[in-house]
$ cat target_0.txt   # compact mmCIF, C-alpha atoms and all ligand atoms
# COMPACT_ATOMS: atom_id res chain seq x y z
CA MET A 291 11.37 21.37 21.42
CA ASN A 292 7.85 21.08 20.05
CA VAL A 293 7.60 21.54 16.31
CA SER A 294 4.26 21.80 14.54
CA LEU A 295 3.29 19.29 11.85
CA THR A 296 3.20 21.94 9.15
CA GLN A 297 6.74 22.97 9.98
CA LEU A 298 7.80 19.36 9.85
CA ASP A 299 6.53 18.52 6.39
CA ALA A 300 9.89 19.19 4.82
CA CYS A 301 11.87 18.55 7.92
CA ALA A 302 14.63 16.18 8.94
CA PRO A 303 15.70 15.89 12.56
CA PRO A 304 18.80 17.77 13.73
CA SER A 305 21.90 15.58 13.77
CA ALA A 306 22.42 13.55 16.92
CA PRO A 307 25.75 14.21 18.68
CA SER A 308 28.76 12.73 16.90
CA HIS A 309 29.49 10.06 19.54
CA THR A 310 26.15 8.40 18.71
CA GLN A 311 26.96 8.30 15.00
CA ARG A 312 29.67 5.73 15.57
CA ARG A 313 27.34 3.30 17.30
CA ASP A 314 24.82 1.12 15.54
CA VAL A 315 22.10 1.58 18.16
CA LEU A 316 19.06 3.78 18.42
CA ILE A 317 19.60 5.73 21.60
CA ASP A 318 17.87 8.87 22.80
CA ALA A 319 19.21 11.86 24.69
CA HIS A 320 17.88 10.37 27.95
CA GLY A 321 19.80 7.10 27.59
CA ARG A 322 16.91 4.90 26.46
CA THR A 323 17.66 2.36 23.72
CA ILE A 324 15.00 1.58 21.12
CA GLU A 325 14.32 -2.11 20.51
CA ASP A 326 10.64 -2.03 19.64
CA LEU A 327 9.34 -0.62 16.34
CA ARG A 328 5.62 0.07 15.85
CA LEU A 329 4.92 0.01 12.15
CA SER A 330 1.63 1.50 11.00
CA ILE A 331 0.84 0.17 7.53
CA THR A 332 -2.43 1.98 6.87
CA ASP A 333 -4.51 4.81 8.28
CA ARG A 334 -7.68 3.20 6.90
CA CYS A 335 -10.18 1.46 9.15
CA ASN A 336 -13.53 -0.26 8.83
CA PHE A 337 -14.53 0.70 12.40
CA ARG A 338 -14.96 4.16 13.88
CA CYS A 339 -14.36 3.43 17.56
CA ILE A 340 -15.69 6.33 19.61
CA TYR A 341 -12.37 6.86 21.44
CA CYS A 342 -10.29 6.82 18.24
CA MET A 343 -12.02 8.09 15.08
CA GLU A 344 -14.95 10.21 13.99
CA PRO A 345 -17.50 8.96 11.41
CA ASP A 346 -16.38 11.51 8.82
CA ASP A 347 -12.62 11.19 9.28
CA ARG A 348 -10.76 11.44 5.97
CA PHE A 349 -7.93 9.11 4.98
CA LEU A 350 -4.61 10.04 3.43
CA PRO A 351 -4.39 9.80 -0.36
CA LYS A 352 -3.02 6.41 -1.40
CA ARG A 353 0.07 7.95 -2.99
CA SER A 354 1.09 9.33 0.41
CA LEU A 355 1.30 5.88 1.95
CA LEU A 356 4.59 4.02 1.82
CA SER A 357 5.10 1.05 -0.45
CA LEU A 358 5.91 -2.41 0.86
CA THR A 359 9.55 -1.95 -0.18
CA GLU A 360 9.72 1.35 1.70
CA TYR A 361 8.33 -0.25 4.89
CA LEU A 362 10.82 -3.10 4.57
CA ASN A 363 13.74 -0.73 4.03
CA ILE A 364 12.85 1.03 7.28
CA VAL A 365 12.58 -2.31 9.05
CA ASP A 366 15.99 -3.42 7.71
CA ALA A 367 17.61 -0.19 8.89
CA ALA A 368 15.99 -0.57 12.32
CA ILE A 369 17.10 -4.21 12.59
CA ASP A 370 20.67 -3.14 11.77
CA MET A 371 20.40 -0.82 14.76
CA GLY A 372 19.19 -3.35 17.29
CA VAL A 373 15.42 -3.49 16.85
CA ARG A 374 14.19 -7.02 17.62
CA LYS A 375 10.45 -6.49 18.03
CA ILE A 376 8.00 -5.26 15.44
CA ARG A 377 4.32 -4.56 16.00
CA ILE A 378 2.23 -4.20 12.85
CA THR A 379 -0.61 -1.80 13.43
CA GLY A 380 -2.71 0.96 11.85
CA GLY A 381 -5.56 1.94 11.21
CA GLU A 382 -6.74 -1.59 10.70
CA PRO A 383 -3.72 -3.55 9.43
CA THR A 384 -5.80 -6.36 7.94
CA LEU A 385 -7.05 -3.85 5.34
CA TYR A 386 -3.52 -3.42 3.96
CA PRO A 387 -3.53 -5.22 0.59
CA GLU A 388 0.03 -6.54 0.92
CA LEU A 389 -0.21 -7.71 4.52
CA ASP A 390 0.45 -11.39 3.71
CA THR A 391 3.64 -10.52 1.83
CA LEU A 392 4.75 -8.13 4.57
CA ILE A 393 4.36 -10.84 7.22
CA ARG A 394 6.25 -13.34 5.04
CA GLU A 395 9.08 -10.85 4.50
CA LEU A 396 9.28 -9.93 8.19
CA GLY A 397 9.34 -13.63 9.06
CA ARG A 398 12.60 -13.98 7.07
CA ARG A 399 14.34 -11.32 9.14
CA PRO A 400 16.22 -11.75 12.42
CA LEU A 401 13.43 -10.61 14.72
CA ASP A 402 12.47 -12.11 18.11
CA ASP A 403 8.87 -10.99 17.97
CA ILE A 404 6.47 -10.01 15.18
CA ALA A 405 3.11 -9.01 16.64
CA MET A 406 0.00 -7.45 15.15
CA THR A 407 -2.93 -5.56 16.67
CA THR A 408 -6.29 -5.99 14.94
CA ASN A 409 -9.95 -5.28 15.55
CA GLY A 410 -10.62 -8.93 14.69
CA TRP A 411 -12.95 -8.22 11.81
CA TRP A 412 -13.42 -11.24 9.53
CA LEU A 413 -10.25 -13.24 10.08
CA ASP A 414 -10.04 -16.34 7.99
CA ALA A 415 -8.69 -19.59 9.48
CA THR A 416 -6.51 -20.44 6.46
CA ARG A 417 -4.99 -16.97 6.39
CA LEU A 418 -4.28 -17.14 10.14
CA THR A 419 -2.50 -20.46 9.67
CA CYS A 420 -0.34 -18.94 6.89
CA TRP A 421 0.54 -15.92 9.03
CA LYS A 422 1.59 -18.25 11.85
CA SER A 423 3.80 -20.39 9.63
CA ASP A 424 5.23 -17.28 7.93
CA GLY A 425 6.50 -15.96 11.27
CA LEU A 426 3.82 -13.80 12.90
CA THR A 427 4.36 -14.61 16.56
CA ARG A 428 1.48 -12.92 18.37
CA LEU A 429 -1.91 -11.37 17.79
CA THR A 430 -3.58 -8.75 19.96
CA PHE A 431 -7.29 -8.17 19.46
CA SER A 432 -9.30 -5.11 20.39
CA LEU A 433 -12.72 -5.67 21.91
CA ASP A 434 -14.30 -3.11 24.22
CA THR A 435 -17.61 -4.71 25.10
CA LEU A 436 -19.20 -8.13 25.39
CA ARG A 437 -22.69 -6.75 24.77
CA GLU A 438 -23.89 -6.79 21.18
CA GLU A 439 -25.98 -3.63 21.49
CA ARG A 440 -22.96 -1.73 22.80
CA MET A 441 -20.63 -3.08 20.12
CA ALA A 442 -22.50 -1.11 17.45
CA VAL A 443 -22.33 2.05 19.55
CA MET A 444 -18.67 1.74 20.50
CA THR A 445 -17.27 0.68 17.12
CA ARG A 446 -19.87 2.41 14.94
CA SER A 447 -19.72 -0.74 12.78
CA LYS A 448 -21.89 -3.74 12.04
CA THR A 449 -19.35 -6.19 13.45
CA SER A 450 -20.62 -8.37 16.25
CA VAL A 451 -18.93 -9.40 19.49
CA GLN A 452 -19.39 -13.00 18.37
CA GLU A 453 -17.44 -12.34 15.18
CA VAL A 454 -14.44 -10.99 17.08
CA LEU A 455 -14.61 -13.83 19.62
CA SER A 456 -14.69 -16.26 16.72
CA SER A 457 -11.54 -14.65 15.22
CA ILE A 458 -9.82 -15.05 18.61
CA ASP A 459 -10.85 -18.69 18.66
CA LYS A 460 -9.57 -19.25 15.12
CA ALA A 461 -6.22 -17.67 16.07
CA ALA A 462 -5.85 -20.18 18.92
CA HIS A 463 -6.64 -23.04 16.52
CA ALA A 464 -4.03 -21.70 14.08
CA GLY A 465 -1.43 -22.12 16.82
CA PHE A 466 -1.05 -18.58 18.12
CA PRO A 467 -0.23 -18.31 21.83
CA GLN A 468 -2.76 -17.03 24.38
CA ALA A 469 -4.39 -14.00 22.75
CA LYS A 470 -4.27 -10.59 24.33
CA ILE A 471 -7.47 -8.60 24.18
CA ASN A 472 -7.20 -4.82 24.47
CA VAL A 473 -10.14 -3.16 26.19
CA VAL A 474 -10.27 0.64 26.35
CA ALA A 475 -12.29 1.43 29.46
CA LEU A 476 -14.42 4.54 29.12
CA ARG A 477 -16.28 5.99 32.06
CA GLY A 478 -20.02 5.75 31.50
CA GLN A 479 -19.67 3.53 28.39
CA ASN A 480 -18.20 0.14 29.31
CA ASP A 481 -16.69 0.64 32.77
CA ASP A 482 -19.37 -1.69 34.18
CA GLU A 483 -17.96 -4.61 32.14
CA CYS A 484 -14.50 -4.96 33.73
CA ALA A 485 -15.54 -7.94 35.85
CA ASP A 486 -17.37 -9.52 32.87
CA PHE A 487 -14.11 -9.39 30.90
CA ALA A 488 -12.39 -10.99 33.90
CA ASP A 489 -14.98 -13.80 33.66
CA LEU A 490 -14.05 -14.23 29.99
CA ALA A 491 -10.33 -14.35 30.86
CA ARG A 492 -11.01 -17.08 33.42
CA SER A 493 -13.32 -19.19 31.28
CA HIS A 494 -11.18 -19.03 28.10
CA ASP A 495 -7.68 -18.59 29.57
CA LEU A 496 -7.24 -15.19 27.92
CA HIS A 497 -5.05 -12.21 28.67
CA ILE A 498 -7.33 -9.18 28.99
CA ARG A 499 -5.45 -5.90 28.83
CA PHE A 500 -7.38 -2.85 29.95
CA ILE A 501 -6.18 0.50 28.59
CA GLU A 502 -6.90 3.88 30.10
CA PHE A 503 -8.53 6.25 27.60
CA MET A 504 -5.72 8.42 26.17
CA PRO A 505 -6.06 11.89 24.64
CA LEU A 506 -5.64 10.55 21.11
CA ASP A 507 -9.22 10.60 19.81
CA SER A 508 -9.72 12.44 16.56
CA GLY A 509 -12.93 14.02 17.92
CA ARG A 510 -10.82 15.65 20.66
CA SER A 511 -13.47 14.98 23.25
CA TRP A 512 -11.02 13.47 25.75
CA GLN A 513 -11.36 14.84 29.26
CA PRO A 514 -9.59 13.61 32.41
CA SER A 515 -13.05 12.82 33.83
CA HIS A 516 -13.66 10.26 31.01
CA VAL A 517 -10.68 8.18 32.11
CA PHE A 518 -11.66 5.09 34.07
CA SER A 519 -8.45 4.70 36.04
CA GLU A 520 -6.29 1.69 36.79
CA ARG A 521 -7.28 1.90 40.48
CA GLU A 522 -10.97 1.85 39.58
CA MET A 523 -10.50 -1.10 37.20
CA VAL A 524 -8.70 -3.16 39.83
CA GLU A 525 -11.39 -2.35 42.39
CA ALA A 526 -14.20 -3.24 39.97
CA ILE A 527 -12.66 -6.63 39.10
CA SER A 528 -11.58 -7.47 42.63
CA ARG A 529 -15.11 -7.11 43.94
CA ARG A 530 -15.94 -10.26 41.90
CA HIS A 531 -12.52 -11.89 41.52
CA PRO A 532 -9.71 -10.77 43.87
CA LEU A 533 -6.49 -10.07 41.94
CA GLN A 534 -2.85 -10.57 42.78
CA GLN A 535 -0.31 -8.22 41.22
CA GLN A 536 2.62 -9.97 39.53
CA PRO A 537 6.24 -8.87 39.83
CA THR A 538 7.37 -6.99 36.72
CA THR A 539 9.83 -9.10 34.76
CA ASN A 540 10.09 -6.99 31.59
CA PRO A 541 11.57 -3.56 32.38
CA HIS A 542 9.95 -2.12 29.21
CA SER A 543 6.48 -3.45 29.89
CA THR A 544 3.74 -0.83 29.62
CA SER A 545 1.29 -2.82 31.69
CA LEU A 546 1.01 -4.01 35.27
CA GLU A 547 0.05 -7.67 35.28
CA TYR A 548 -2.36 -9.44 37.62
CA VAL A 549 -3.45 -13.04 38.11
CA PHE A 550 -6.53 -14.30 39.92
CA ALA A 551 -5.94 -14.86 43.62
CA ASP A 552 -7.87 -18.17 43.51
CA GLY A 553 -5.49 -19.56 40.85
CA ALA A 554 -8.04 -19.54 38.00
CA PRO A 555 -6.64 -19.39 34.45
CA GLY A 556 -6.34 -16.12 32.53
CA LYS A 557 -4.52 -12.88 33.20
CA ILE A 558 -5.35 -9.22 33.56
CA GLY A 559 -3.01 -6.44 32.43
CA ILE A 560 -3.55 -2.72 32.80
CA ILE A 561 -1.93 -0.03 30.66
CA ALA A 562 -2.33 3.14 32.70
CA SER A 563 -0.62 5.67 30.44
CA VAL A 564 -2.59 8.51 32.02
CA THR A 565 -2.50 7.78 35.76
CA ARG A 566 0.80 5.80 35.84
CA PRO A 567 3.07 6.98 33.00
CA PHE A 568 5.87 4.59 32.08
CA CYS A 569 7.88 6.97 29.85
CA GLY A 570 11.17 6.29 31.67
CA ALA A 571 11.09 2.68 30.45
CA CYS A 572 9.86 3.40 26.90
CA ASN A 573 11.92 1.61 24.24
CA ARG A 574 9.60 2.31 21.28
CA LEU A 575 9.74 4.20 18.05
CA ARG A 576 6.73 4.63 15.77
CA ILE A 577 6.52 4.88 11.99
CA THR A 578 3.25 6.21 10.59
CA ALA A 579 1.70 4.79 7.43
CA GLU A 580 3.09 7.66 5.34
CA GLY A 581 6.58 7.42 6.77
CA ALA A 582 6.73 9.93 9.63
CA VAL A 583 9.00 8.86 12.48
CA ARG A 584 7.33 9.56 15.82
CA PRO A 585 9.54 9.23 18.85
CA CYS A 586 6.60 9.67 21.28
CA LEU A 587 2.91 8.84 21.02
CA PHE A 588 1.88 11.94 22.95
CA SER A 589 4.04 14.54 21.26
CA ASN A 590 3.49 16.48 18.06
CA GLN A 591 7.10 16.07 17.14
CA GLU A 592 7.60 13.83 14.14
CA TRP A 593 10.10 13.63 11.35
CA ASP A 594 9.22 12.99 7.74
CA LEU A 595 11.31 10.11 6.41
CA ARG A 596 9.35 9.79 3.15
CA PRO A 597 11.38 12.38 1.18
CA VAL A 598 14.54 10.41 2.01
CA LEU A 599 12.91 7.18 0.83
CA ARG A 600 11.46 8.74 -2.31
CA ALA A 601 14.80 10.33 -3.18
CA GLY A 602 16.24 6.82 -3.30
CA GLY A 603 17.90 6.97 0.12
CA GLY A 604 19.68 3.74 1.00
CA ILE A 605 19.93 1.89 4.30
CA ALA A 606 22.79 4.13 5.52
CA GLU A 607 20.69 7.28 5.05
CA ILE A 608 17.62 5.71 6.67
CA LYS A 609 19.75 4.61 9.62
CA LYS A 610 21.12 8.11 10.08
CA PHE A 611 17.59 9.54 9.93
CA LEU A 612 16.29 7.04 12.51
CA ARG A 613 19.28 7.70 14.75
CA ASP A 614 18.75 11.47 14.62
CA ALA A 615 14.99 11.17 15.14
CA THR A 616 15.46 8.85 18.11
CA TRP A 617 17.82 11.33 19.75
CA THR A 618 14.93 13.85 19.91
CA LYS A 619 12.63 11.52 21.90
CA GLN A 620 11.24 13.57 24.73
CA ALA A 621 11.73 12.48 28.35
CA GLY A 622 8.02 11.97 28.98
CA HIS A 623 4.50 13.15 28.31
CA SER A 624 2.80 15.93 30.20
CA ILE A 625 -0.79 14.65 30.26
CA GLY A 626 -2.50 16.22 33.26
CA GLN A 627 -0.14 19.19 33.33
CA ASP A 628 -1.07 22.73 32.29
CA ASP A 629 1.21 22.72 29.23
CA PHE A 630 -0.25 19.49 27.75
CA ARG A 631 -1.67 19.91 24.27
CA GLN A 632 -3.49 16.99 22.67
CA PRO A 633 -1.51 15.66 19.68
CA ASP A 634 -2.85 16.68 16.27
CA ARG A 635 -3.06 13.09 15.09
CA SER A 636 -5.41 10.44 16.45
CA MET A 637 -4.31 6.96 17.51
CA SER A 638 -5.50 5.52 14.17
CA ALA A 639 -3.32 8.01 12.26
CA ILE A 640 -0.25 7.34 14.41
CA GLY A 641 -0.46 3.59 14.92
CA GLY A 642 -1.37 2.39 18.39
N1 LIG B 701 -7.30 -1.21 14.38
C1 LIG B 701 -6.53 -2.04 15.22
C2 LIG B 701 -7.22 -2.28 16.54
O1 LIG B 701 -8.14 -1.55 16.87
O2 LIG B 701 -6.80 -3.20 17.23
C3 LIG B 701 -5.12 -1.53 15.45
C4 LIG B 701 -4.93 -0.05 15.58
S1 LIG B 701 -5.64 0.65 17.06
C5 LIG B 701 -5.23 2.35 16.84
C6 LIG B 701 -4.50 0.04 18.29
C7 LIG B 701 -5.00 0.08 19.71
O3 LIG B 701 -5.16 1.43 20.11
C8 LIG B 701 -6.36 -0.57 19.94
O4 LIG B 701 -6.26 -1.58 20.92
C9 LIG B 701 -7.24 0.55 20.40
O5 LIG B 701 -8.19 0.11 21.32
C10 LIG B 701 -6.24 1.51 21.00
N2 LIG B 701 -6.72 2.90 21.05
C11 LIG B 701 -7.18 3.66 20.03
N3 LIG B 701 -7.50 4.89 20.46
C12 LIG B 701 -7.24 4.92 21.80
C13 LIG B 701 -7.35 5.92 22.81
N4 LIG B 701 -7.81 7.16 22.56
N5 LIG B 701 -6.97 5.59 24.08
C14 LIG B 701 -6.50 4.35 24.35
N6 LIG B 701 -6.35 3.38 23.44
C15 LIG B 701 -6.73 3.65 22.18
FE1 LIG B 702 -10.10 1.44 13.86
FE2 LIG B 702 -8.56 0.36 15.71
FE3 LIG B 702 -9.16 2.99 15.81
FE4 LIG B 702 -11.06 1.20 16.30
S1 LIG B 702 -9.19 1.54 17.50
S2 LIG B 702 -11.24 3.00 14.94
S3 LIG B 702 -10.51 -0.46 14.97
S4 LIG B 702 -7.95 1.97 14.26

$ encode --input "target_0.txt" --output "C-alpha cells"
Amino acid sequence: MNVSLTQLDACAPPSAPSHTQRRDVLIDAHGRTIEDLRLSITDRCNFRCIYCMEPDDRFLPKRSLLSLTEYLNIVDAAIDMGVRKIRITGGEPTLYPELDTLIRELGRRPLDDIAMTTNGWWLDATRLTCWKSDGLTRLTFSLDTLREERMAVMTRSKTSVQEVLSSIDKAAHAGFPQAKINVVALRGQNDDECADFADLARSHDLHIRFIEFMPLDSGRSWQPSHVFSEREMVEAISRRHPLQQQPTTNPHSTSLEYVFADGAPGKIGIIASVTRPFCGACNRLRITAEGAVRPCLFSNQEWDLRPVLRAGGGIAEIKKFLRDATWTKQAGHSIGQDDFRQPDRSMSAIGG
C-alpha cells in the first residue's frame, strides 16, 4: 500500500494484527524486528550537498518540529519495545539548539549505542568531550572530497576539508572510537578520489564508508547512470591498494566491509543500497524531525505521530502507534524497477 503524503497528514496506521499487540516488540509483517531507531532532530542544514539539498530548499516552520520532550517520549516508547540503538541525525543535528541536553538524556537510558551523523562543521573540543562523557558512543562524519576546490562545489558551503578533518581529529582526542567517514560517490564528481580516501584510511586508521548515490536528492536529478557502483569503487581502490572482503558478523549491517590485503590500518565499508539492496536484514525505523514515522527510507509511506503527541498521548499510545506503523514496513525497495517512484522527501528531510 502506497499512501501519498497529503493523505497521510491526518493519518494513523491501521492496527497491527491482535497477536502483535500482546508483545512488547516492534515487528513488521515480514518478521523483521526493529532494534535501531534513526531520530532526525532537525531538517535545517548549513550545507547544501549536491546529492541531498537544493540551494533554495525551504525548512519546516519551527512550530512543526517536535520538542525535546516529544523526542524523548518517542525514544522511551521505542526502548520499551526493544530498541537498543539510536542514531541522531537530520538535517545537520549539531544545529539543534537542545542537542547537548538530548545527548545527556539519551545517555541516562538503557541503550547499547548512541551514534550521531554530522557534516563536521565547527565541532568544539570541549563540547565533544562532554558528549562523550554524557554517553554519545560514536560519531560518523560526512566528507565527500579531499580537494578544497571541490568541497565548495559539493557542499555549496564555505567549510573546508581541513575543518572537517580537524573535527575528526578532535573527536579522537575526546575519546571517541575510530571515526567513520561517509563518502557519497558520484560519477563524474568525486569518483576519482576513492583511492585517495583509502590512503587517508591507511594513514590515519579511519573507517571510510562509501555510499552509493540514492534517489533521495531534493533536486530529483538522480539517474541510475550517476551511481558509482560498489563494484566500481572496489576496482578503483584495489588498483592502488588491494582489498580483502571481511566476513559479515552483524546480520543487520548495511555495508560490506573490507580491510587492506597488505595489513595496513584502516577499513573500507561500502553501502550499496542501489546495486545490492539489504532490505531483508533491515531492522530500522525512522522518525522525522516533525514526528512522522517512516518504516522505509525509500517509500512514501509515513505515519504522523505528532497529533498523538500534541493531544497528550502517553507512552502506551505512542507504543501502539509505533507498533502499528512498524507492521506496515514494506518488504523492500523497488529502485531500478519500472514501478519505482522517487520519494517526495529528500534525505535531509527524512534523516539519513
Ligand atoms: N547532515 C549530516 C551529515 O551530512 O552527515 C547528517 C544528515 S545526512 C542526511 C546523513 C547522511 O546521508 C550523510 O552521510 C549524507 O552523505 C547521506 N546522504 C544524503 N543524501 C544522500 C543521497 N542522495 N544518497 C546517499 N547518501 C546520502
Ligand atoms: Fe546537510 Fe547532511 Fe544533506 Fe549535506 S548531506 S545537505 S550536510 S543534511

$ residues_near_ligand --input "target_0.txt" --ligand "ligand LIG 701 (chain B)" --cutoff "9 Å" --atoms "all atoms listed in the file" --output "count of residues only"
51

$ closest_residue --input "target_0.txt" --among "A:Thr427, A:Gln479, A:Gln632, A:Thr618" --to "Arg377 (chain A)" --atoms "all atoms listed in the file"
A:Thr427

$ atom_distance --input "target_0.txt" --atom1 "CA of Glu580 (chain A)" --atom2 "CA of Leu356 (chain A)"
5.3 Å

$ axis_aligned_box --input "target_0.txt" --around "ligand LIG 702 (chain B)" --padding-each-side "4 Å" --output "AutoDock Vina command-line options"
--center_x -9.6 --center_y 1.3 --center_z 15.7 --size_x 11.3 --size_y 11.5 --size_z 11.6

$ closest_residue --input "target_0.txt" --among "A:Val365, A:Asn573, A:Ser456, A:Arg635" --to "ligand LIG 702 (chain B)" --atoms "all atoms listed in the file"
A:Arg635

$ residues_around --input "target_0.txt" --residues "Gly465 (chain A)" --least-positions-apart "6" --cutoff "9 Å" --atoms "all atoms listed in the file" --output "PyMOL selection string"
chain A and resi 418-419+422

$ atom_distance --input "target_0.txt" --atom1 "CA of Gln513 (chain A)" --atom2 "CA of Arg631 (chain A)"
12.0 Å

$ closest_residue --input "target_0.txt" --among "A:His497, A:Glu592, A:Val583, A:Ile331" --to "Leu385 (chain A)" --atoms "only C-alpha atoms"
A:Ile331

$ build_atoms --input "target_0.txt" --residues "region 483-491 of chain A" --atoms "all heavy atoms" --output "PDB file, in the frame of the given file"
ATOM      1  N   GLU A 483     -18.198  -3.267  32.687  1.00  0.00           N
ATOM      2  CA  GLU A 483     -17.960  -4.610  32.140  1.00  0.00           C
ATOM      3  C   GLU A 483     -16.599  -5.203  32.537  1.00  0.00           C
ATOM      4  O   GLU A 483     -16.228  -6.262  32.056  1.00  0.00           O
ATOM      5  CB  GLU A 483     -18.054  -4.583  30.604  1.00  0.00           C
ATOM      6  CG  GLU A 483     -19.459  -4.346  30.094  1.00  0.00           C
ATOM      7  CD  GLU A 483     -19.559  -4.567  28.598  1.00  0.00           C
ATOM      8  OE1 GLU A 483     -19.285  -5.692  28.132  1.00  0.00           O
ATOM      9  OE2 GLU A 483     -19.872  -3.595  27.882  1.00  0.00           O
ATOM     10  N   CYS A 484     -15.852  -4.463  33.390  1.00  0.00           N
ATOM     11  CA  CYS A 484     -14.500  -4.960  33.730  1.00  0.00           C
ATOM     12  C   CYS A 484     -14.555  -6.375  34.298  1.00  0.00           C
ATOM     13  O   CYS A 484     -13.792  -7.262  33.886  1.00  0.00           O
ATOM     14  CB  CYS A 484     -13.822  -4.019  34.733  1.00  0.00           C
ATOM     15  SG  CYS A 484     -13.441  -2.409  34.038  1.00  0.00           S
ATOM     16  N   ALA A 485     -15.481  -6.604  35.230  1.00  0.00           N
ATOM     17  CA  ALA A 485     -15.540  -7.940  35.850  1.00  0.00           C
ATOM     18  C   ALA A 485     -16.059  -8.988  34.862  1.00  0.00           C
ATOM     19  O   ALA A 485     -15.675 -10.157  34.939  1.00  0.00           O
ATOM     20  CB  ALA A 485     -16.425  -7.888  37.097  1.00  0.00           C
ATOM     21  N   ASP A 486     -16.903  -8.564  33.901  1.00  0.00           N
ATOM     22  CA  ASP A 486     -17.370  -9.520  32.870  1.00  0.00           C
ATOM     23  C   ASP A 486     -16.194  -9.966  31.993  1.00  0.00           C
ATOM     24  O   ASP A 486     -16.081 -11.135  31.607  1.00  0.00           O
ATOM     25  CB  ASP A 486     -18.446  -8.887  31.975  1.00  0.00           C
ATOM     26  CG  ASP A 486     -19.706  -8.547  32.765  1.00  0.00           C
ATOM     27  OD1 ASP A 486     -19.857  -9.043  33.890  1.00  0.00           O
ATOM     28  OD2 ASP A 486     -20.527  -7.769  32.236  1.00  0.00           O
ATOM     29  N   PHE A 487     -15.308  -9.025  31.674  1.00  0.00           N
ATOM     30  CA  PHE A 487     -14.110  -9.390  30.900  1.00  0.00           C
ATOM     31  C   PHE A 487     -13.214 -10.323  31.728  1.00  0.00           C
ATOM     32  O   PHE A 487     -12.581 -11.231  31.186  1.00  0.00           O
ATOM     33  CB  PHE A 487     -13.337  -8.142  30.468  1.00  0.00           C
ATOM     34  CG  PHE A 487     -13.818  -7.576  29.157  1.00  0.00           C
ATOM     35  CD1 PHE A 487     -14.599  -6.427  29.113  1.00  0.00           C
ATOM     36  CD2 PHE A 487     -13.496  -8.192  27.957  1.00  0.00           C
ATOM     37  CE1 PHE A 487     -15.050  -5.915  27.898  1.00  0.00           C
ATOM     38  CE2 PHE A 487     -13.936  -7.690  26.736  1.00  0.00           C
ATOM     39  CZ  PHE A 487     -14.720  -6.550  26.704  1.00  0.00           C
ATOM     40  N   ALA A 488     -13.177 -10.088  33.041  1.00  0.00           N
ATOM     41  CA  ALA A 488     -12.390 -10.990  33.900  1.00  0.00           C
ATOM     42  C   ALA A 488     -12.994 -12.400  33.844  1.00  0.00           C
ATOM     43  O   ALA A 488     -12.260 -13.400  33.795  1.00  0.00           O
ATOM     44  CB  ALA A 488     -12.358 -10.458  35.324  1.00  0.00           C
ATOM     45  N   ASP A 489     -14.327 -12.483  33.806  1.00  0.00           N
ATOM     46  CA  ASP A 489     -14.980 -13.800  33.660  1.00  0.00           C
ATOM     47  C   ASP A 489     -14.526 -14.480  32.374  1.00  0.00           C
ATOM     48  O   ASP A 489     -14.237 -15.680  32.349  1.00  0.00           O
ATOM     49  CB  ASP A 489     -16.510 -13.644  33.593  1.00  0.00           C
ATOM     50  CG  ASP A 489     -17.135 -13.364  34.959  1.00  0.00           C
ATOM     51  OD1 ASP A 489     -16.485 -13.666  35.981  1.00  0.00           O
ATOM     52  OD2 ASP A 489     -18.264 -12.829  34.984  1.00  0.00           O
ATOM     53  N   LEU A 490     -14.460 -13.682  31.297  1.00  0.00           N
ATOM     54  CA  LEU A 490     -14.050 -14.230  29.990  1.00  0.00           C
ATOM     55  C   LEU A 490     -12.593 -14.726  30.069  1.00  0.00           C
ATOM     56  O   LEU A 490     -12.265 -15.799  29.553  1.00  0.00           O
ATOM     57  CB  LEU A 490     -14.188 -13.150  28.914  1.00  0.00           C
ATOM     58  CG  LEU A 490     -13.824 -13.571  27.496  1.00  0.00           C
ATOM     59  CD1 LEU A 490     -14.902 -14.490  26.918  1.00  0.00           C
ATOM     60  CD2 LEU A 490     -13.661 -12.346  26.582  1.00  0.00           C
ATOM     61  N   ALA A 491     -11.731 -13.941  30.721  1.00  0.00           N
ATOM     62  CA  ALA A 491     -10.330 -14.350  30.860  1.00  0.00           C
ATOM     63  C   ALA A 491     -10.249 -15.695  31.574  1.00  0.00           C
ATOM     64  O   ALA A 491      -9.489 -16.581  31.174  1.00  0.00           O
ATOM     65  CB  ALA A 491      -9.559 -13.281  31.665  1.00  0.00           C
TER      66      ALA A 491
END
